[in-house]
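Asks: Below is the structure I would like to discuss, written out as structure tokens.
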Amino acid sequence: MTEEEVDTLCYQLQVYLGHALDTCGWKILSQVLFSEQDDPEEYYESLSELRQKGYEEVLQRARKLLQELLEKHRNTECMVELLKLYQEEDYAYIVLVEATTELYQYLLQPFRDMRELAMLRRQQIKISMENDYLGPRRIESLKEEDADWQRKAHMAVLSIQDLTVKYFEVTAKSQKGNSNTFSQFSHWNI
């Protein structure tokens, strides 16, 4: 390889690693590049944390944008500017709701998967108990396993319900905040 080709490859590697750093952050990038232990569970856990952090950052940016727009009301002096500001707020509110929805959908997914897995496994146990010729110990073992999967499904459903309630509390709160802002600035006699 010529020196020019080496320089080109080094530059491309530098750009690639720069994008990887921007995307993943230093912690994950350094673990992937310099870790002597290859524990895939740690990598996937970090990837999951990274994904959740990304959803949370999008939500924070949406909140910040909406808050900045709400603060502009104090300095708005003409009706045309106010109407434009309301359009921007509507868009920012839609972005906020979408970001909130995406985060909560992401948080719900593991519990949905567990519920589905538990229900599938319980169904398989039921079919096995009905169709197979099993001894009393195996039947007792399957009943215990069924009870365990039933508990897991129940816990998943409770977690789904809790997250759903939190989601609706957050969206109702932001909707109320949006409505209060409009009534707060009704001095324009619209």
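If you're wondering about the labels, chains in the structure tokens are A, B, ... by order shown, residues count from 1 in each chain, ligands from 1 in order shown.
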Give me the residues within 12 Å of Val58 (chain A) as a list of chain:residue names, counting only C-alpha atoms and dropping any in the same chain fewer than 2 places off.

Replies: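 Selected residues are A:Arg51, A:Gln52, A:Lys53, A:Gly54, A:Tyr55, A:Glu56, A:Gln60, A:Arg61, A:Ala62, A:Arg63, A:Lys64, A:Leu65, A:Ala92, A:Val95, A:Leu96, A:Val97, A:Glu98, A:Ala99, A:Thr100, A:Thr101, A:Glu102, A:Leu103.
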
Asks: Would you output that residue set with N, CA, C and O atoms, as a short mmCIF file (atom, residue, chain, number, x, y, z; two decimals), in the first residue's frame?

Replies:
```cif
data_model
loop_
_atom_site.label_atom_id
_atom_site.label_comp_id
_atom_site.auth_asym_id
_atom_site.auth_seq_id
_atom_site.Cartn_x
_atom_site.Cartn_y
_atom_site.Cartn_z
N ARG A 51 -30.52 2.69 23.62
CA ARG A 51 -31.77 2.91 22.91
C ARG A 51 -32.76 3.69 23.78
O ARG A 51 -33.38 4.64 23.33
N GLN A 52 -32.89 3.29 25.05
CA GLN A 52 -33.80 4.00 25.94
C GLN A 52 -33.33 5.44 26.15
O GLN A 52 -34.14 6.37 26.14
N LYS A 53 -32.04 5.62 26.30
CA LYS A 53 -31.49 6.97 26.47
C LYS A 53 -31.79 7.83 25.25
O LYS A 53 -32.13 9.01 25.37
N GLY A 54 -31.72 7.23 24.06
CA GLY A 54 -32.04 7.96 22.84
C GLY A 54 -33.49 8.42 22.83
O GLY A 54 -33.78 9.57 22.48
N TYR A 55 -34.41 7.54 23.21
CA TYR A 55 -35.82 7.93 23.28
C TYR A 55 -36.03 9.04 24.31
O TYR A 55 -36.79 9.99 24.08
N GLU A 56 -35.35 8.94 25.44
CA GLU A 56 -35.49 9.95 26.48
C GLU A 56 -34.92 11.30 26.04
O GLU A 56 -35.48 12.35 26.36
N GLN A 60 -36.82 14.82 25.80
CA GLN A 60 -36.32 16.04 26.45
C GLN A 60 -36.23 17.20 25.47
O GLN A 60 -36.59 18.33 25.79
N ARG A 61 -35.73 16.93 24.26
CA ARG A 61 -35.64 18.00 23.25
C ARG A 61 -37.03 18.52 22.89
O ARG A 61 -37.23 19.73 22.72
N ALA A 62 -38.01 17.61 22.79
CA ALA A 62 -39.38 18.03 22.46
C ALA A 62 -39.95 18.88 23.58
O ALA A 62 -40.60 19.91 23.33
N ARG A 63 -39.71 18.49 24.83
CA ARG A 63 -40.18 19.30 25.97
C ARG A 63 -39.54 20.67 25.97
O ARG A 63 -40.20 21.67 26.21
N LYS A 64 -38.24 20.68 25.72
CA LYS A 64 -37.50 21.94 25.73
C LYS A 64 -38.01 22.88 24.63
O LYS A 64 -38.22 24.07 24.87
N LEU A 65 -38.24 22.33 23.44
CA LEU A 65 -38.75 23.14 22.34
C LEU A 65 -40.12 23.72 22.68
O LEU A 65 -40.36 24.92 22.48
N ALA A 92 -44.91 21.43 17.85
CA ALA A 92 -44.06 21.00 18.96
C ALA A 92 -44.81 20.04 19.88
O ALA A 92 -44.25 19.06 20.39
N VAL A 95 -44.92 16.67 18.24
CA VAL A 95 -43.60 16.02 18.39
C VAL A 95 -43.45 15.48 19.81
O VAL A 95 -42.95 14.36 20.01
N LEU A 96 -43.90 16.25 20.80
CA LEU A 96 -43.82 15.81 22.19
C LEU A 96 -44.65 14.55 22.42
O LEU A 96 -44.19 13.59 23.04
N VAL A 97 -45.85 14.55 21.91
CA VAL A 97 -46.72 13.37 22.09
C VAL A 97 -46.13 12.16 21.37
O VAL A 97 -46.13 11.05 21.91
N GLU A 98 -45.59 12.35 20.17
CA GLU A 98 -44.99 11.24 19.44
C GLU A 98 -43.76 10.70 20.18
O GLU A 98 -43.58 9.48 20.29
N ALA A 99 -42.94 11.60 20.72
CA ALA A 99 -41.75 11.16 21.45
C ALA A 99 -42.15 10.41 22.72
O ALA A 99 -41.56 9.37 23.05
N THR A 100 -43.17 10.91 23.41
CA THR A 100 -43.66 10.24 24.60
C THR A 100 -44.20 8.86 24.26
O THR A 100 -43.90 7.87 24.93
N THR A 101 -44.96 8.79 23.19
CA THR A 101 -45.54 7.51 22.76
C THR A 101 -44.45 6.51 22.40
O THR A 101 -44.50 5.35 22.80
N GLU A 102 -43.44 6.94 21.65
CA GLU A 102 -42.36 6.04 21.26
C GLU A 102 -41.60 5.52 22.48
O GLU A 102 -41.27 4.33 22.55
N LEU A 103 -41.33 6.40 23.45
CA LEU A 103 -40.63 5.97 24.66
C LEU A 103 -41.47 4.94 25.41
O LEU A 103 -40.96 3.87 25.79
#
```

Asks: Just the residues within 12 Å of Leu108 (chain A), please, counting only C-alpha atoms, with nothing from its chain fewer than 5 positions along; format it as a ChimeraX atom specification.

Replies: /A:52,101-103,113-115,156-167

Asks: Selection from above, N, CA, C and O atoms, as a CSV table (one decimal), in the first residue's frame, can you write it?

Replies:
```
chain,number,residue,atom,x,y,z
A,52,GLN,N,-32.9,3.3,25.0
A,52,GLN,CA,-33.8,4.0,25.9
A,52,GLN,C,-33.3,5.4,26.1
A,52,GLN,O,-34.1,6.4,26.1
A,101,THR,N,-45.0,8.8,23.2
A,101,THR,CA,-45.5,7.5,22.8
A,101,THR,C,-44.4,6.5,22.4
A,101,THR,O,-44.5,5.3,22.8
A,102,GLU,N,-43.4,6.9,21.7
A,102,GLU,CA,-42.4,6.0,21.3
A,102,GLU,C,-41.6,5.5,22.5
A,102,GLU,O,-41.3,4.3,22.6
A,103,LEU,N,-41.3,6.4,23.5
A,103,LEU,CA,-40.6,6.0,24.7
A,103,LEU,C,-41.5,4.9,25.4
A,103,LEU,O,-41.0,3.9,25.8
A,113,ASP,N,-43.8,-8.8,25.5
A,113,ASP,CA,-43.2,-10.1,25.1
A,113,ASP,C,-43.3,-11.1,26.2
A,113,ASP,O,-43.6,-12.3,25.9
A,114,MET,N,-43.1,-10.7,27.4
A,114,MET,CA,-43.2,-11.7,28.5
A,114,MET,C,-44.6,-12.2,28.6
A,114,MET,O,-44.8,-13.4,28.8
A,115,ARG,N,-45.6,-11.3,28.5
A,115,ARG,CA,-47.0,-11.8,28.6
A,115,ARG,C,-47.3,-12.8,27.5
A,115,ARG,O,-47.9,-13.8,27.7
A,156,ALA,N,-46.5,-9.2,34.3
A,156,ALA,CA,-46.3,-8.5,33.0
A,156,ALA,C,-47.5,-7.6,32.8
A,156,ALA,O,-47.4,-6.4,32.4
A,157,VAL,N,-48.7,-8.1,33.0
A,157,VAL,CA,-50.0,-7.3,32.8
A,157,VAL,C,-50.0,-6.2,33.7
A,157,VAL,O,-50.3,-5.0,33.4
A,158,LEU,N,-49.6,-6.4,35.0
A,158,LEU,CA,-49.6,-5.3,36.0
A,158,LEU,C,-48.6,-4.2,35.6
A,158,LEU,O,-48.9,-3.0,35.7
A,159,SER,N,-47.4,-4.6,35.1
A,159,SER,CA,-46.4,-3.6,34.6
A,159,SER,C,-46.9,-2.9,33.4
A,159,SER,O,-46.7,-1.6,33.3
A,160,ILE,N,-47.6,-3.5,32.5
A,160,ILE,CA,-48.2,-2.9,31.3
A,160,ILE,C,-49.2,-1.9,31.8
A,160,ILE,O,-49.3,-0.7,31.3
A,161,GLN,N,-50.1,-2.2,32.7
A,161,GLN,CA,-51.1,-1.3,33.2
A,161,GLN,C,-50.4,-0.1,33.9
A,161,GLN,O,-50.9,1.0,33.7
A,162,ASP,N,-49.4,-0.3,34.7
A,162,ASP,CA,-48.7,0.8,35.4
A,162,ASP,C,-48.1,1.8,34.4
A,162,ASP,O,-48.3,3.0,34.5
A,163,LEU,N,-47.4,1.2,33.4
A,163,LEU,CA,-46.8,2.1,32.4
A,163,LEU,C,-47.9,2.8,31.5
A,163,LEU,O,-47.7,4.0,31.2
A,164,THR,N,-49.0,2.1,31.3
A,164,THR,CA,-50.0,2.8,30.5
A,164,THR,C,-50.7,3.9,31.3
A,164,THR,O,-50.9,5.0,30.7
A,165,VAL,N,-50.9,3.7,32.6
A,165,VAL,CA,-51.4,4.8,33.4
A,165,VAL,C,-50.4,6.0,33.4
A,165,VAL,O,-50.8,7.2,33.3
A,166,LYS,N,-49.1,5.7,33.6
A,166,LYS,CA,-48.1,6.8,33.6
A,166,LYS,C,-48.1,7.5,32.3
A,166,LYS,O,-48.0,8.7,32.2
A,167,TYR,N,-48.2,6.8,31.2
A,167,TYR,CA,-48.3,7.4,29.9
A,167,TYR,C,-49.4,8.4,29.8
A,167,TYR,O,-49.3,9.5,29.3
```

Asks: Given the choices A:Ala118, A:Leu13, A:Leu29, A:Ala20, which gets closest to His154 (chain A) if the distance is worked out from only C-alpha atoms?

Replies: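 Of all the options, A:Ala118 lies closest to His154 (chain A).
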
Asks: Find the distance between CA of Leu66 (chain A) and CA of Ile94 (chain A) and write it in Å to one decimal.

Replies: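 A separation of 9.9 Å between them.
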
Asks: Considering only C-alpha atoms, state which residue in the set A:Leu17, A:Glu68, A:Thr76, A:Glu140 is at the smallest distance from Val32 (chain A).

Replies: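 The answer is A:Leu17, which sits nearest to Val32 (chain A).
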
Asks: Do a neighbour search on Lys72 (chain A) at 12 Å with only C-alpha atoms, toss out local chain neighbours closer than 6 positions, and write the hits as a count of residues only.

Replies: 11

Asks: Which residue, A:Gln150, A:Asn131, A:Thr2, A:Gln87, has the smallest gap to Met119 (chain A) when you use only C-alpha atoms?

Replies: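 Of A:Gln150, A:Asn131, A:Thr2, A:Gln87, the one nearest Met119 (chain A) is A:Gln150, counting only C-alpha atoms.
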
Asks: Could you tell me how far CA of Val15 (chain A) lies from CA of Leu59 (chain A), in Å and to one decimal?

Replies: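 Separation between CA of Val15 (chain A) and CA of Leu59 (chain A): 28.1 Å.
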